[in-house]
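Structure, as structure tokens:
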Number of protein chains: 6
Amino acid sequence: VLYLKRRYGFSAAHRLFNASFDDAKNWKVFEKCNNPNGHGHNYELELILSGPLDADSGMVVNILDLDQIVEEQLIEHVDHKHLNLDVPFLQGINPTAENLAIAFYERLHPLIPGKAVLVGVRLQESKNNLAEYYGQAPAVPLVLQTS
Amino acid sequence: VLYLKRRYGFSAAHRLFNASFDDAKNWKVFEKCNNPNGHGHNYELELILSGPLDADSGMVVNILDLDQIVEEQLIEHVDHKHLNLDVPFLQGINPTAENLAIAFYERLHPLIPGKAVLVGVRLQESKNNLAEYYGQAPAVPLVLQTS
Amino acid sequence: VLYLKRRYGFSAAHRLFNASFDDAKNWKVFEKCNNPNGHGHNYELELILSGPLDADSGMVVNILDLDQIVEEQLIEHVDHKHLNLDVPFLQGINPTAENLAIAFYERLHPLIPGKAVLVGVRLQESKNNLAEYYGQAPAVPLVLQTS
Amino acid sequence: VLYLKRRYGFSAAHRLFNASFDDAKNWKVFEKCNNPNGHGHNYELELILSGPLDADSGMVVNILDLDQIVEEQLIEHVDHKHLNLDVPFLQGINPTAENLAIAFYERLHPLIPGKAVLVGVRLQESKNNLAEYYGQAPAVPLVLQTS
Amino acid sequence: VLYLKRRYGFSAAHRLFNASFDDAKNWKVFEKCNNPNGHGHNYELELILSGPLDADSGMVVNILDLDQIVEEQLIEHVDHKHLNLDVPFLQGINPTAENLAIAFYERLHPLIPGKAVLVGVRLQESKNNLAEYYGQAPAVPLVLQTS
Amino acid sequence: VLYLKRRYGFSAAHRLFNASFDDAKNWKVFEKCNNPNGHGHNYELELILSGPLDADSGMVVNILDLDQIVEEQLIEHVDHKHLNLDVPFLQGINPTAENLAIAFYERLHPLIPGKAVLVGVRLQESKNNLAEYYGQAPAVPLVLQTS
């Protein structure tokens, strides 16, 4: 069981908001995170990849290839953006750390080059808060049974 | 498989000590951590929660509710305290990182609000030393949690 | 020469923008930081205070008093806000790290309790970028000349 | 399920290189990491141990014993060395983060004192890149299956 | 103007306390830091040295010599200790960050080897609180040290 | 007094070595840092700039311009290199942190765009060791006289 973890950063604004709530309920549930003009974070994204060790390169995945894909397909779309307003693939999604981790996993999972698999996505939005999503049906044996 | 991780900090004194050992054996096993007047740490606590994504809030757990419970039920009891002397629910426990992680898990597990489950507790006592406890019969699948 | 440094954090959105520039020039000067819907950061603020050591308390400034003032007079006004839109005392200021450091210094300088003086303000907006402002006429020697 | 994680650091030079590749292919696969004279990193190593809690000590493993073994058997051999040239047990291994994590696991796994088991090795070579290896047949359950 | 900065760490307990105050005043001034059984921190100490560049070694000070002195003369005396009770050279000193920085500067200033001078001491006791002391009559020019 | 600080990173190998010493003296002075095949670090470089606030941009220096210059003129020359062997402008320099800070300052000082001045260079080579160089005749009033 071998993992390669790779980290990326981006800075973005967002607003927690549920369109089906009225203003009072939005404030009650999300409090200051519901500020109408938004607030922001320096997000730290970690991709968790697994796969067979490539004997020639000694790597799970070619990092240079991976970086190019992640930069083009994800980071450029979210860095220095407002996540509620500027990102087509996040339209209609309330940008909690949990929802963003799921959305990033879904977006990147099909794009990983070579034999590596995107096992999970870890998204830290502040020093004290982070979400991790490992997909619904992991393609690699994340889970070894006890007995 | 979705996790929300939330971090808290506290500063406390402690002394590693086994009342059934004599002084010589206490020193042999715990060395400088056995200093009679104690020493201390800036502890970093991470709670690892899992559960269904609440569709309305886009969260695993309401962080504001969680924070209130953890502050009142744990942090206020250990912050700026001597863990061997000042904390009723730690009486008789040798406060190693391992034992503290277990004790904090046991204390907080029944108190998590909503549908989230406390999967594990990670307690870092110094830059180079930390313990993690995931309970004896986790209700949700565990992935080995790193960093 | 004795300093006490105290750190605070807040998360906010902002947009670099000069109202006297047209859109093309705003983009040329500020590039992605000029995104109309804004982006955001986890800001880290450090206050640098100096003053005589209070013999009774062994402190330059009472931290508990300082924290209350800084929270009420600054952090509550900027945390989880859009710095261009939501903060009266920043109205008309292009919120670069430099301008924010100056504005925060000006706001907090008159409010420091006791005999301590706010020597400077350090504002980090991302891992790689930070500004520091030490006022125009420091009340304490920043530096002692060699000879 | 209880883990003790312990961190060590070392500074080393290395060069990514496959002896069966010609120069052009080595450059194509490894790019700047293939620089003939090498480059280097401050490596951060985390050992992930599990095992029964020792009732007398309140620990999974005696950290002082562990530190002595890891320092003597690993850190002294790699710290301030060139990993391709100076380390007998790494001879012939292309020192990617993945290969180093595997090699360190293999070297340390038989050496852990007491009843603890080395579950995994986490090796961070830079802020954004790290590998983790959990062995081929873990002696303790890494994860418990859901249903 | 050339500086060499060197960092050390230690873990200790302390209690803020003024023997000339009654209990009520001690609590009023120091609040939870006055807890009778103490609390603790992972302290981070940075020594700020200046001096001519030694042409032979390319260094301001031989770090190996410096480390030996600092470990023997300071760290061994405070690490895993209670600063109010276990440290002869701190007797009678209320161990605020400010007072500790001054005491460590006074203790180490005469002990620096070679031509280097101890310009200042920076002591961080928690993520958000630190003190710096630069002596009363620095022999070399001071620049306000940040980060 | 306004500063803008900007951080860059690079990974490199180096060997502490004085060509006028014999092997025994090189080892005595530099010990493990003298390992013939070198070792390496993840270096963190901070540039400390000062200057008038540009009223139009609200900045001391245009960061995008600065980054391009620093990347092209410095980082590309040292990143993933052996500092003793691969870097023409470091030829003959014993690559201690002190010497590197001086060399980087000398190289970058004439290249800063606009009205900003490179006041100093801070180079961290490991968690516990860093050097800072502020030039011999600062062009801005770093130094305010005491009396």
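Residue numbering restarts at 1 in every chain; chains get A, B, ... in the order shown in the structure tokens, and ligands count up from 1 in that same order.
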
> Which residues of chain F are close to chain E, meaning at most 9 Å apart when you count only C-alpha atoms, and how do they look as a PyMOL selection string?
Replying inline: chain F and resi 16-18+20-21+29-31+93-99+101-102+127-137+142-143

> What residues in chain A get the DSSP label alpha helix (DSSP H)? Please answer as a ChimeraX atom specification.
Replying inline: /A:23-30,63-70,76-78,97-108
